file upload03.cif (mmCIF, C-alpha atoms)
data_protein
#
loop_
_atom_site.label_atom_id
_atom_site.label_comp_id
_atom_site.auth_asym_id
_atom_site.auth_seq_id
_atom_site.Cartn_x
_atom_site.Cartn_y
_atom_site.Cartn_z
CA MET A 1 1.94 -8.43 35.57
CA SER A 2 0.65 -4.99 36.60
CA ARG A 3 2.81 -1.98 37.16
CA TYR A 4 1.97 1.31 38.79
CA ILE A 5 3.28 4.84 38.83
CA ARG A 6 3.77 5.05 42.59
CA ALA A 7 5.22 8.56 42.68
CA ILE A 8 6.45 11.35 40.45
CA TYR A 9 9.10 13.60 41.95
CA ALA A 10 8.94 16.99 40.25
CA PRO A 11 11.18 19.64 41.78
CA LEU A 12 11.72 23.00 40.12
CA VAL A 13 15.43 23.50 39.56
CA GLY A 14 17.36 26.64 38.70
CA VAL A 15 15.93 30.14 38.68
CA ALA A 16 12.84 31.41 36.86
CA VAL A 17 13.44 33.71 33.88
CA SER A 18 10.46 35.53 32.35
CA ASN A 19 10.03 36.26 28.64
CA GLN A 20 10.76 39.90 29.37
CA GLU A 21 13.95 39.11 31.31
CA LEU A 22 15.12 36.76 28.58
CA LEU A 23 14.39 39.32 25.86
CA LYS A 24 16.41 41.92 27.77
CA ALA A 25 19.31 39.48 28.19
CA ILE A 26 19.19 38.56 24.50
CA ALA A 27 19.13 42.26 23.49
CA CYS A 28 22.29 42.75 25.54
CA ARG A 29 23.90 39.66 23.99
CA PHE A 30 22.96 40.78 20.47
CA GLU A 31 25.08 43.91 20.88
CA ALA A 32 28.12 41.63 20.88
CA LEU A 33 26.81 39.27 18.18
CA GLU A 34 28.92 39.24 15.03
CA ALA A 35 26.35 39.81 12.28
CA ASP A 36 25.31 42.72 10.10
CA ASP A 37 22.68 45.10 11.47
CA ALA A 38 19.88 44.03 9.11
CA GLU A 39 20.34 40.37 10.02
CA LYS A 40 20.46 41.18 13.71
CA THR A 41 17.31 43.32 13.50
CA ALA A 42 15.36 40.60 11.67
CA LEU A 43 16.61 37.95 14.10
CA PHE A 44 15.68 40.09 17.09
CA ASP A 45 12.17 40.64 15.69
CA TYR A 46 11.90 36.85 15.36
CA VAL A 47 12.99 36.47 18.99
CA ARG A 48 10.37 39.06 20.01
CA LEU A 49 7.74 36.94 18.24
CA LEU A 50 8.86 33.84 20.15
CA LEU A 51 8.79 35.69 23.47
CA ILE A 52 5.36 37.31 23.19
CA GLY A 53 3.30 37.35 26.38
CA GLN A 54 3.70 35.99 29.88
CA ARG A 55 5.80 32.83 30.08
CA THR A 56 8.74 31.74 32.17
CA ARG A 57 11.35 29.04 32.06
CA HIS A 58 13.96 27.89 34.54
CA THR A 59 17.68 27.99 33.96
CA GLN A 60 20.22 26.13 36.04
CA HIS A 61 23.13 28.07 34.65
CA SER A 62 24.22 31.38 36.09
CA ASP A 63 23.06 34.73 34.76
CA ARG A 64 25.87 34.36 32.19
CA PHE A 65 24.02 31.56 30.38
CA LEU A 66 23.95 33.57 27.16
CA TRP A 67 27.71 33.97 27.24
CA MET A 68 29.00 30.39 27.25
CA ASP A 69 31.71 30.41 24.62
CA ASN A 70 33.80 27.26 24.97
CA PHE A 71 33.42 23.52 25.54
CA THR A 72 34.46 23.76 29.18
CA ALA A 73 31.69 26.25 29.99
CA HIS A 74 29.02 24.03 28.40
CA ALA A 75 30.29 20.76 29.91
CA ALA A 76 30.80 22.25 33.38
CA SER A 77 27.32 23.74 33.24
CA PHE A 78 25.87 20.31 32.34
CA ALA A 79 27.71 18.60 35.21
CA ALA A 80 26.58 21.23 37.72
CA ALA A 81 22.98 21.00 36.53
CA ILE A 82 22.98 17.20 36.88
CA GLU A 83 24.31 17.49 40.44
CA GLU A 84 21.64 20.07 41.35
CA SER A 85 18.88 17.97 39.76
CA THR A 86 20.05 14.75 41.43
CA ASN A 87 20.03 16.41 44.83
CA ALA A 88 16.62 18.01 44.25
CA ILE A 89 14.98 14.70 43.28
CA ALA A 90 16.81 12.77 46.01
CA GLU A 91 15.52 15.15 48.68
CA LEU A 92 11.94 14.50 47.56
CA ILE A 93 12.49 10.72 47.56
CA GLU A 94 14.10 10.83 51.00
CA ALA A 95 11.18 12.83 52.36
CA ASP A 96 8.89 9.84 51.72
CA PRO A 97 11.14 6.90 50.89
CA PRO A 98 9.90 3.57 49.49
CA ASN A 99 9.93 0.70 51.97
CA LYS A 100 12.15 -1.42 49.71
CA PRO A 101 15.29 -0.44 47.79
CA PHE A 102 15.02 0.25 44.07
CA ASP A 103 15.92 -2.73 41.85
CA ALA A 104 16.95 -0.46 38.99
CA VAL A 105 17.80 3.18 38.37
CA PHE A 106 17.78 4.70 34.90
CA GLY A 107 19.22 8.16 34.23
CA VAL A 108 17.81 10.00 31.21
CA SER A 109 19.13 13.11 29.48
CA SER A 110 19.66 14.34 25.94
CA GLU A 111 21.95 17.33 26.51
CA GLY A 112 25.28 15.88 27.54
CA LEU A 113 27.38 13.03 28.87
CA LEU A 114 28.97 12.23 32.21
CA LEU A 115 31.07 9.33 33.39
CA PRO A 116 30.14 7.98 35.89
CA GLY A 117 26.61 8.38 34.67
CA ILE A 118 23.49 9.95 36.11
CA ALA A 119 22.23 6.59 37.41
CA GLU A 120 25.44 5.81 39.33
CA ARG A 121 25.65 9.34 40.74
CA ALA A 122 22.03 9.17 41.87
CA ALA A 123 22.52 5.68 43.36
CA ARG A 124 25.49 6.94 45.36
CA ARG A 125 23.47 9.95 46.51
CA LEU A 126 20.48 7.78 47.53
CA GLY A 127 22.64 5.38 49.56
CA ARG A 128 20.65 2.49 51.08
CA LEU A 129 17.67 3.21 48.79
CA VAL A 130 19.57 1.64 45.85
CA GLY A 131 21.18 -1.76 46.36
CA ARG A 132 24.67 -2.39 45.01
CA THR A 133 23.30 -5.12 42.74
CA ALA A 134 20.60 -2.85 41.34
CA THR A 135 20.73 -2.18 37.59
CA GLN A 136 22.14 1.31 37.02
CA MET A 137 22.18 2.61 33.47
CA ASP A 138 21.76 5.82 31.50
CA ILE A 139 19.59 6.30 28.44
CA GLY A 140 20.57 9.16 26.13
CA ASN A 141 19.41 10.91 23.01
CA GLY A 142 15.71 10.20 23.50
CA GLY A 143 14.59 13.82 23.14
CA CYS A 144 11.24 14.99 24.41
CA THR A 145 9.71 11.50 24.47
CA ALA A 146 12.59 9.93 26.44
CA SER A 147 10.78 9.83 29.78
CA VAL A 148 7.61 8.11 28.61
CA ARG A 149 9.53 5.78 26.28
CA THR A 150 11.71 4.75 29.22
CA MET A 151 8.53 4.08 31.19
CA GLN A 152 7.39 1.90 28.29
CA LEU A 153 10.73 0.06 28.40
CA VAL A 154 10.49 -0.49 32.17
CA ASN A 155 6.91 -1.69 31.83
CA ASN A 156 8.22 -4.45 29.57
CA LEU A 157 10.96 -5.61 31.98
CA GLY A 158 10.76 -8.92 33.80
CA PRO A 159 8.96 -9.35 37.13
CA GLU A 160 12.22 -9.35 39.11
CA MET A 161 12.36 -5.57 38.56
CA ARG A 162 9.83 -4.71 41.24
CA ASN A 163 10.74 -1.10 42.00
CA VAL A 164 12.34 1.02 39.32
CA LEU A 165 13.41 4.65 39.50
CA ILE A 166 13.67 6.75 36.33
CA LEU A 167 15.52 10.06 36.67
CA ASN A 168 15.01 12.61 33.90
CA MET A 169 17.28 15.63 33.75
CA GLU A 170 17.15 18.02 30.83
CA PRO A 171 19.36 21.08 31.38
CA THR A 172 18.50 22.46 27.96
CA SER A 173 20.16 25.82 28.66
CA THR A 174 23.54 24.12 28.47
CA LEU A 175 23.03 23.83 24.68
CA ILE A 176 22.61 27.57 24.12
CA ASP A 177 24.96 28.77 21.40
CA PRO A 178 24.98 32.55 21.77
CA LYS A 179 27.30 33.05 18.80
CA CYS A 180 25.16 31.30 16.19
CA THR A 181 22.62 33.32 14.19
CA ALA A 182 20.67 30.29 12.93
CA ARG A 183 16.97 30.76 13.65
CA SER A 184 16.53 27.19 14.89
CA ASN A 185 19.17 27.92 17.54
CA TRP A 186 17.24 30.94 18.81
CA GLN A 187 13.94 29.11 18.55
CA GLY A 188 15.41 26.50 20.90
CA ILE A 189 16.74 29.16 23.25
CA CYS A 190 13.31 30.81 23.46
CA THR A 191 11.31 27.56 23.62
CA PHE A 192 13.09 25.39 26.16
CA GLY A 193 13.63 25.52 29.90
CA ASP A 194 15.64 23.38 32.29
CA GLY A 195 13.91 20.67 34.25
CA ALA A 196 14.25 17.54 36.36
CA ALA A 197 11.86 14.83 37.48
CA GLY A 198 11.85 11.27 38.75
CA VAL A 199 9.30 8.47 38.43
CA TRP A 200 8.95 5.47 40.73
CA LEU A 201 7.39 2.49 38.96
CA SER A 202 6.37 -0.41 41.17
CA ASP A 203 4.60 -3.74 40.93
CA GLU A 204 2.54 -2.79 44.00
CA PRO A 205 -0.15 -0.11 44.07
CA GLY A 206 -0.14 2.65 46.65
CA GLU A 207 -2.28 5.58 47.64
CA GLY A 208 -2.88 7.86 44.67
CA SER A 209 -0.99 5.61 42.26
CA LEU A 210 -1.79 5.02 38.60
CA ALA A 211 -2.25 1.48 37.28
CA LEU A 212 -0.46 1.45 33.94
CA GLY A 213 -2.39 0.39 30.86
CA LYS A 214 -1.12 0.21 27.31
CA LEU A 215 2.04 2.19 26.55
CA SER A 216 3.12 2.55 22.95
CA SER A 217 5.32 4.58 20.65
CA TRP A 218 5.73 5.27 16.96
CA ARG A 219 8.58 6.58 14.82
CA GLY A 220 7.84 8.57 11.70
CA ASP A 221 10.00 9.28 8.68
CA ALA A 222 10.96 12.84 9.65
CA THR A 223 14.10 11.61 11.38
CA GLU A 224 16.05 14.85 10.88
CA LEU A 225 13.22 17.21 11.75
CA ILE A 226 14.46 17.89 15.30
CA ARG A 227 18.13 17.35 15.94
CA TRP A 228 21.25 18.67 17.59
CA ASP A 229 23.50 20.67 15.30
CA TRP A 230 26.95 21.69 16.48
CA GLY A 231 29.39 24.56 16.28
CA THR A 232 33.03 24.80 17.24
CA ASP A 233 32.25 24.72 20.98
CA TYR A 234 29.36 22.35 21.55
CA TYR A 235 26.04 21.00 20.34
CA ARG A 236 23.10 23.34 19.73
CA PHE A 237 19.39 23.22 18.89
CA GLY A 238 18.67 22.36 15.26
CA ILE A 239 15.61 21.94 13.07
CA ALA A 240 15.47 20.73 9.47
CA GLU A 241 13.25 22.86 7.27
CA LEU A 242 12.31 25.42 9.90
CA GLU A 243 9.71 27.00 7.60
CA GLN A 244 7.78 23.72 7.40
CA PHE A 245 8.38 22.74 11.03
CA GLU A 246 4.90 23.16 12.48
CA VAL A 247 3.08 21.58 9.56
CA GLN A 248 5.47 18.61 9.57
CA VAL A 249 5.17 18.12 13.33
CA ARG A 250 1.38 18.24 13.17
CA SER A 251 1.37 15.85 10.22
CA GLN A 252 3.64 13.34 11.99
CA VAL A 253 1.67 13.48 15.22
CA LEU A 254 -1.65 13.01 13.44
CA GLN A 255 -0.26 10.06 11.48
CA ALA A 256 0.98 8.54 14.73
CA MET A 257 -2.35 9.06 16.48
CA THR A 258 -4.09 7.18 13.69
CA GLU A 259 -1.63 4.29 13.73
CA LEU A 260 -1.47 4.11 17.53
CA GLN A 261 -5.25 4.35 17.70
CA VAL A 262 -5.18 7.03 20.39
CA GLN A 263 -8.57 6.90 22.06
CA LYS A 264 -10.82 9.93 22.30
CA ASP A 265 -11.99 9.13 25.82
CA PRO A 266 -14.12 12.08 27.02
CA ASP A 267 -13.77 11.03 30.67
CA ALA A 268 -9.98 10.91 30.62
CA ALA A 269 -7.66 13.49 32.12
CA TRP A 270 -4.87 14.36 29.67
CA ALA A 271 -1.22 15.27 29.86
CA ILE A 272 0.13 16.48 26.52
CA HIS A 273 3.75 17.45 25.98
CA PRO A 274 3.88 21.23 25.54
CA ALA A 275 5.85 21.26 22.29
CA GLY A 276 4.07 24.52 21.57
CA ILE A 277 0.68 26.05 22.11
CA MET A 278 -0.19 25.86 18.41
CA LEU A 279 0.39 22.12 18.38
CA LEU A 280 -1.52 21.70 21.65
CA LEU A 281 -4.57 23.52 20.34
CA SER A 282 -4.45 21.71 17.00
CA LEU A 283 -4.23 18.32 18.71
CA ALA A 284 -7.07 19.17 21.05
CA LYS A 285 -9.29 19.86 18.05
CA LYS A 286 -8.32 16.56 16.42
CA LEU A 287 -8.83 14.65 19.66
CA GLY A 288 -12.12 16.39 20.34
CA LEU A 289 -10.82 17.57 23.72
CA ALA A 290 -12.35 20.49 25.56
CA ARG A 291 -10.10 23.47 26.06
CA SER A 292 -10.26 22.91 29.83
CA THR A 293 -8.64 19.48 29.33
CA LEU A 294 -5.54 21.23 28.04
CA GLU A 295 -5.19 23.55 31.01
CA PRO A 296 -2.59 21.41 32.87
CA SER A 297 -0.38 21.40 29.78
CA ILE A 298 -0.91 25.08 28.94
CA ASN A 299 -0.33 26.13 32.55
CA HIS A 300 2.87 24.11 32.66
CA PHE A 301 4.05 25.71 29.41
CA ARG A 302 3.36 29.19 30.83
CA SER A 303 5.33 28.56 34.00
CA CYS A 304 8.11 26.24 32.82
CA SER A 305 8.09 26.41 28.99
CA ASN A 306 9.18 23.16 27.29
CA MET A 307 11.47 21.13 29.60
CA SER A 308 11.92 18.41 26.97
CA SER A 309 11.16 14.94 28.39
CA VAL A 310 10.72 16.34 31.91
CA SER A 311 7.62 18.40 31.07
CA ILE A 312 5.25 15.47 30.61
CA LEU A 313 6.19 14.14 34.07
CA HIS A 314 5.46 17.48 35.77
CA ILE A 315 2.11 17.64 33.96
CA LEU A 316 1.32 13.99 34.76
CA LYS A 317 2.03 14.54 38.45
CA ASN A 318 -0.52 17.34 38.46
CA VAL A 319 -3.08 15.39 36.40
CA ILE A 320 -2.77 12.20 38.47
CA GLY A 321 -2.99 14.24 41.67
CA CYS A 322 -6.25 15.84 40.50
CA ALA A 323 -7.80 12.67 39.02
CA ARG A 324 -10.50 10.86 40.94
CA PRO A 325 -10.20 7.12 41.77
CA GLY A 326 -11.15 5.07 38.74
CA GLN A 327 -10.65 7.92 36.28
CA PRO A 328 -8.60 7.20 33.14
CA VAL A 329 -5.45 9.28 32.68
CA ARG A 330 -3.78 9.54 29.28
CA TRP A 331 -0.62 11.11 27.95
CA LEU A 332 0.76 12.04 24.57
CA SER A 333 4.28 13.17 23.84
CA MET A 334 6.24 13.91 20.70
CA GLY A 335 9.79 14.84 19.79
CA ALA A 336 13.03 14.03 18.02
CA GLY A 337 13.19 10.79 16.14
CA PHE A 338 10.52 11.73 15.04
CA ASN A 339 8.82 9.90 17.88
CA VAL A 340 5.30 10.01 19.22
CA ALA A 341 4.62 8.15 22.46
CA CYS A 342 1.34 7.68 24.24
CA GLY A 343 0.07 5.80 27.21
CA GLY A 344 -2.45 5.74 29.95
CA GLY A 345 -3.73 4.15 33.06
CA ILE A 346 -6.38 4.21 35.71
CA ARG A 347 -6.11 6.24 38.89
CA VAL A 348 -6.19 3.77 41.80
CA MET B 1 -9.33 38.96 10.46
CA ALA B 2 -12.02 41.51 11.31
CA GLU B 3 -14.26 38.69 12.50
CA PHE B 4 -11.53 37.36 14.81
CA PHE B 5 -10.87 40.75 16.35
CA ALA B 6 -14.55 41.56 16.74
CA GLU B 7 -14.94 38.32 18.67
CA ASN B 8 -11.75 38.33 20.71
CA PHE B 9 -10.71 41.98 20.93
CA PRO B 10 -14.00 43.92 20.94
CA ASN B 11 -12.30 47.08 22.21
CA VAL B 12 -9.99 47.34 19.22
CA PRO B 13 -11.38 49.88 16.71
CA ARG B 14 -12.25 48.15 13.46
CA ASP B 15 -12.35 51.04 11.05
CA ASN B 16 -8.65 50.74 10.12
CA ILE B 17 -7.67 47.18 10.92
CA GLU B 18 -5.62 46.81 7.74
CA GLY B 19 -3.38 49.66 8.87
CA MET B 20 -2.81 48.30 12.38
CA LYS B 21 0.17 46.17 13.34
CA ALA B 22 -0.65 42.71 14.67
CA GLY B 23 2.06 43.12 17.31
CA ASP B 24 0.27 46.16 18.73
CA VAL B 25 -2.97 44.24 19.21
CA ILE B 26 -1.85 40.73 20.10
CA GLN B 27 0.08 40.68 23.37
CA GLN B 28 -0.11 37.00 24.35
CA SER B 29 1.22 33.95 22.54
CA LEU B 30 -2.03 32.09 23.10
CA ASP B 31 -3.92 34.88 21.29
CA LEU B 32 -1.40 34.81 18.46
CA VAL B 33 -1.86 31.07 18.04
CA GLU B 34 -5.65 31.43 18.18
CA PHE B 35 -5.37 34.08 15.46
CA VAL B 36 -3.27 31.81 13.21
CA LEU B 37 -5.59 28.84 13.80
CA HIS B 38 -8.57 31.06 12.98
CA LEU B 39 -6.92 32.05 9.69
CA GLU B 40 -6.15 28.41 8.91
CA GLU B 41 -9.77 27.42 9.48
CA LYS B 42 -11.22 30.29 7.46
CA LEU B 43 -8.73 30.13 4.60
CA GLY B 44 -8.34 26.35 4.45
CA LEU B 45 -4.57 26.70 4.68
CA GLU B 46 -1.92 25.21 6.90
CA ILE B 47 0.16 28.10 8.18
CA ASN B 48 3.62 27.79 9.66
CA ILE B 49 4.22 30.52 12.20
CA ASN B 50 7.86 30.35 11.10
CA THR B 51 6.88 31.06 7.49
CA LEU B 52 5.25 34.32 8.49
CA GLY B 53 7.93 34.73 11.14
CA GLU B 54 8.46 38.17 12.57
CA LYS B 55 6.02 39.61 10.03
CA LEU B 56 3.35 38.52 12.50
CA ILE B 57 4.45 41.28 14.84
CA THR B 58 6.12 43.82 12.56
CA LYS B 59 3.67 44.08 9.63
CA THR B 60 0.21 45.54 9.43
CA PHE B 61 -2.82 43.29 9.02
CA GLY B 62 -3.15 44.58 5.46
CA GLU B 63 0.39 43.49 4.65
CA LEU B 64 -0.19 40.17 6.38
CA ALA B 65 -3.24 39.61 4.22
CA ASP B 66 -1.08 40.08 1.11
CA ASP B 67 1.38 37.51 2.45
CA LEU B 68 -1.44 35.07 3.14
CA VAL B 69 -2.67 35.46 -0.45
CA THR B 70 0.85 34.55 -1.59
CA ILE B 71 0.90 31.52 0.75
CA GLY B 72 -2.54 30.51 -0.52
CA LYS B 73 -1.40 30.68 -4.15
CA GLY B 74 1.59 28.51 -3.32
CA ALA B 75 -0.53 25.95 -1.47
#
call {"tool": "encode", "arguments": {"input": "upload03.cif", "output": "structure tokens"}}
result
Amino acid sequence: MSRYIRAIYAPLVGVAVSNQELLKAIACRFEALEADDAEKTALFDYVRLLLIGQRTRHTQHSDRFLWMDNFTAHAASFAAAIEESTNAIAELIEADPPNKPFDAVFGVSSEGLLLPGIAERAARRLGRLVGRTATQMDIGNGGCTASVRTMQLVNNLGPEMRNVLILNMEPTSTLIDPKCTARSNWQGICTFGDGAAGVWLSDEPGEGSLALGKLSSWRGDATELIRWDWGTDYYRFGIAELEQFEVQVRSQVLQAMTELQVQKDPDAAWAIHPAGIMLLLSLAKKLGLARSTLEPSINHFRSCSNMSSVSILHILKNVIGCARPGQPVRWLSMGAGFNVACGGGIRV
Amino acid sequence: MAEFFAENFPNVPRDNIEGMKAGDVIQQSLDLVEFVLHLEEKLGLEININTLGEKLITKTFGELADDLVTIGKGA
């Protein structure tokens, strides 16, 4: 059977914070950081390196997001972010609702837990658009590839699942540990932004939809490379072997591209997960892609930073919207696991 | 390094590049990444930005070159 991406709902949630605003906030927070001056100076120089140039990210937490210091603050921030994201996506769905209720709703996030889950909360919010017998389930801990791997999962479901809604919510700022001096923690703080997006997959095409082709994923051996560490309050960003991080990521992605036989289609429009500009440019060289092909991903990174699994959906919405009928669209994402996921389709 | 700056930053004076700080010349992350990728290509090395870390913005190009020699010997 054929399935189609009928719509991608990509609201911007939270408030935009520029590199300069974040650096100023971090400088203020560092004054209260318990570490010796030399360590703080070196760490702040590292933060300056990570925040070079013009880039923004969104944060759904208040302006005190660098001051969360107990479990309640982190968990409450996560719950509030999920509510804001659910409402933002629901408003976009309600503005142009499908003509049949969704048969399944999947909630996706890697930053926290809620009971009832994201899917049930969204189903309640969407009312008649989700039947009471619809499948409602959350998928956690998928990292940056969670959205496209969930699409792969849905694409393999039986034909009775005719209209499926995937809701991705990644309030990454809720993981910020302002008391920890580990560099991987601050790399996460400077790299990520909060985001939300939904995807409607259907067995019927519609105007501007994308007919799904082959979707695949690969897991490498660097299982600990990207992970959540934890302190006394909550989880936080972690990386094994920070000094070898970029080389290992590039190595894993290149190995995956060989095994997954990612095609170098010169006519295709590409969405690549913005794990970092260095990785983007390296991959473009390996894929033989023109620099202009990367613009959607680079532009997204400049305006939203890395919104974990949400980013690829925002980029895909843009790429599909700009693609001409009949043009191939491809995507490539990578993240914790270590997973690499790719897929593609043809613009209807 | 001189080749990269001649091509990408033609207004930067090249008579004392080794004494200039990279952080004073490179203001955008994209330029920084292009610089590192250029070094990788020319030196045949794989460079982790995290290995050089904040040296990329606090050290002079001359000092960076010394660090790259060390990385190259370890490769």
call {"tool": "resolve_selection", "arguments": {"input": "upload03.cif", "expression": "the PyMOL selection byres ((chain B and resi 45) around 12)", "output": "CSV table (one decimal) with C-alpha atoms, in the frame of the given file"}}
result
chain,number,residue,atom,x,y,z
A,247,VAL,CA,3.1,21.6,9.6
B,36,VAL,CA,-3.3,31.8,13.2
B,37,LEU,CA,-5.6,28.8,13.8
B,38,HIS,CA,-8.6,31.1,13.0
B,39,LEU,CA,-6.9,32.0,9.7
B,40,GLU,CA,-6.2,28.4,8.9
B,41,GLU,CA,-9.8,27.4,9.5
B,42,LYS,CA,-11.2,30.3,7.5
B,43,LEU,CA,-8.7,30.1,4.6
B,44,GLY,CA,-8.3,26.4,4.4
B,46,GLU,CA,-1.9,25.2,6.9
B,47,ILE,CA,0.2,28.1,8.2
B,48,ASN,CA,3.6,27.8,9.7
B,68,LEU,CA,-1.4,35.1,3.1
B,69,VAL,CA,-2.7,35.5,-0.4
B,70,THR,CA,0.8,34.6,-1.6
B,71,ILE,CA,0.9,31.5,0.8
B,72,GLY,CA,-2.5,30.5,-0.5
B,73,LYS,CA,-1.4,30.7,-4.2
B,74,GLY,CA,1.6,28.5,-3.3
B,75,ALA,CA,-0.5,26.0,-1.5
call {"tool": "residues_around", "arguments": {"input": "upload03.cif", "residues": "Leu212 in chain A", "least_positions_apart": "5", "cutoff": "12 Å", "atoms": "all atoms listed in the file", "output": "VMD selection string"}}
result
chain A and resid 1 to 6 148 151 to 152 154 to 156 201 to 205 320 328 to 331 342 to 348
call {"tool": "resolve_selection", "arguments": {"input": "upload03.cif", "expression": "the PyMOL selection byres ((chain A) within 9 of (chain B))", "output": "number ranges by chain"}}
result
A: 42-55, 242-247, 277-278, 281-282
call {"tool": "residues_near_point", "arguments": {"input": "upload03.cif", "point": "(4.9, 13.6, 27.8)", "cutoff": "10 Å", "atoms": "all atoms listed in the file", "output": "JSON, numbers by chain"}}
result
{"A": [144, 145, 146, 147, 148, 149, 270, 271, 272, 273, 274, 275, 297, 308, 309, 310, 311, 312, 313, 314, 315, 316, 330, 331, 332, 333, 334, 335, 340, 341, 342, 343]}
call {"tool": "write_last_selection", "arguments": {"input": "upload03.cif", "atoms": "C-alpha atoms", "output": "PDB file, keeping the file's coordinate frame"}}
result
ATOM      1  CA  CYS A 144      11.240  14.990  24.410  1.00  0.00           C
ATOM      2  CA  THR A 145       9.710  11.500  24.470  1.00  0.00           C
ATOM      3  CA  ALA A 146      12.590   9.930  26.440  1.00  0.00           C
ATOM      4  CA  SER A 147      10.780   9.830  29.780  1.00  0.00           C
ATOM      5  CA  VAL A 148       7.610   8.110  28.610  1.00  0.00           C
ATOM      6  CA  ARG A 149       9.530   5.780  26.280  1.00  0.00           C
ATOM      7  CA  TRP A 270      -4.870  14.360  29.670  1.00  0.00           C
ATOM      8  CA  ALA A 271      -1.220  15.270  29.860  1.00  0.00           C
ATOM      9  CA  ILE A 272       0.130  16.480  26.520  1.00  0.00           C
ATOM     10  CA  HIS A 273       3.750  17.450  25.980  1.00  0.00           C
ATOM     11  CA  PRO A 274       3.880  21.230  25.540  1.00  0.00           C
ATOM     12  CA  ALA A 275       5.850  21.260  22.290  1.00  0.00           C
ATOM     13  CA  SER A 297      -0.380  21.400  29.780  1.00  0.00           C
ATOM     14  CA  SER A 308      11.920  18.410  26.970  1.00  0.00           C
ATOM     15  CA  SER A 309      11.160  14.940  28.390  1.00  0.00           C
ATOM     16  CA  VAL A 310      10.720  16.340  31.910  1.00  0.00           C
ATOM     17  CA  SER A 311       7.620  18.400  31.070  1.00  0.00           C
ATOM     18  CA  ILE A 312       5.250  15.470  30.610  1.00  0.00           C
ATOM     19  CA  LEU A 313       6.190  14.140  34.070  1.00  0.00           C
ATOM     20  CA  HIS A 314       5.460  17.480  35.770  1.00  0.00           C
ATOM     21  CA  ILE A 315       2.110  17.640  33.960  1.00  0.00           C
ATOM     22  CA  LEU A 316       1.320  13.990  34.760  1.00  0.00           C
ATOM     23  CA  ARG A 330      -3.780   9.540  29.280  1.00  0.00           C
ATOM     24  CA  TRP A 331      -0.620  11.110  27.950  1.00  0.00           C
ATOM     25  CA  LEU A 332       0.760  12.040  24.570  1.00  0.00           C
ATOM     26  CA  SER A 333       4.280  13.170  23.840  1.00  0.00           C
ATOM     27  CA  MET A 334       6.240  13.910  20.700  1.00  0.00           C
ATOM     28  CA  GLY A 335       9.790  14.840  19.790  1.00  0.00           C
ATOM     29  CA  VAL A 340       5.300  10.010  19.220  1.00  0.00           C
ATOM     30  CA  ALA A 341       4.620   8.150  22.460  1.00  0.00           C
ATOM     31  CA  CYS A 342       1.340   7.680  24.240  1.00  0.00           C
ATOM     32  CA  GLY A 343       0.070   5.800  27.210  1.00  0.00           C
TER      33      GLY A 343
END
call {"tool": "resolve_selection", "arguments": {"input": "upload03.cif", "expression": "the PyMOL selection byres ((chain A and resi 87-92) around 8)", "output": "VMD selection string"}}
result
chain A and resid 9 to 11 13 83 to 86 93 to 96 122 125 to 126 196 to 198
call {"tool": "atom_distance", "arguments": {"input": "upload03.cif", "atom1": "CA of Arg132 in chain A", "atom2": "CA of Glu160 in chain A"}}
result
15.4 Å
call {"tool": "residues_around", "arguments": {"input": "upload03.cif", "residues": "Gly140 in chain A", "least_positions_apart": "2", "cutoff": "7 Å", "atoms": "only C-alpha atoms", "output": "PDB file with C-alpha atoms, in the frame of the given file"}}
result
ATOM      1  CA  VAL A 108      17.810  10.000  31.210  1.00  0.00           C
ATOM      2  CA  SER A 109      19.130  13.110  29.480  1.00  0.00           C
ATOM      3  CA  SER A 110      19.660  14.340  25.940  1.00  0.00           C
ATOM      4  CA  ASP A 138      21.760   5.820  31.500  1.00  0.00           C
ATOM      5  CA  GLY A 142      15.710  10.200  23.500  1.00  0.00           C
TER       6      GLY A 142
END
call {"tool": "decode", "arguments": {"input": "upload03.cif", "residues": "range 337-344 of chain A", "atoms": "N, CA and C atoms", "output": "tab-separated table (two decimals), in the first residue's frame"}}
result
chain	number	residue	atom	x	y	z
A	337	GLY	N	21.89	6.59	19.82
A	337	GLY	CA	21.56	5.19	19.53
A	337	GLY	C	22.77	4.28	19.26
A	338	PHE	N	23.71	4.66	18.38
A	338	PHE	CA	23.72	5.78	17.48
A	338	PHE	C	22.91	5.41	16.23
A	339	ASN	N	21.90	6.20	15.93
A	339	ASN	CA	21.02	5.87	14.82
A	339	ASN	C	21.19	6.83	13.66
A	340	VAL	N	21.09	6.29	12.48
A	340	VAL	CA	21.01	7.09	11.27
A	340	VAL	C	19.74	6.63	10.53
A	341	ALA	N	18.92	7.57	10.16
A	341	ALA	CA	17.66	7.22	9.49
A	341	ALA	C	17.54	8.04	8.22
A	342	CYS	N	17.11	7.39	7.16
A	342	CYS	CA	16.95	8.13	5.91
A	342	CYS	C	15.66	7.70	5.23
A	343	GLY	N	15.23	8.50	4.33
A	343	GLY	CA	14.00	8.18	3.62
A	343	GLY	C	13.79	9.15	2.48
A	344	GLY	N	12.69	8.94	1.79
A	344	GLY	CA	12.43	9.84	0.68
A	344	GLY	C	11.07	9.58	0.07
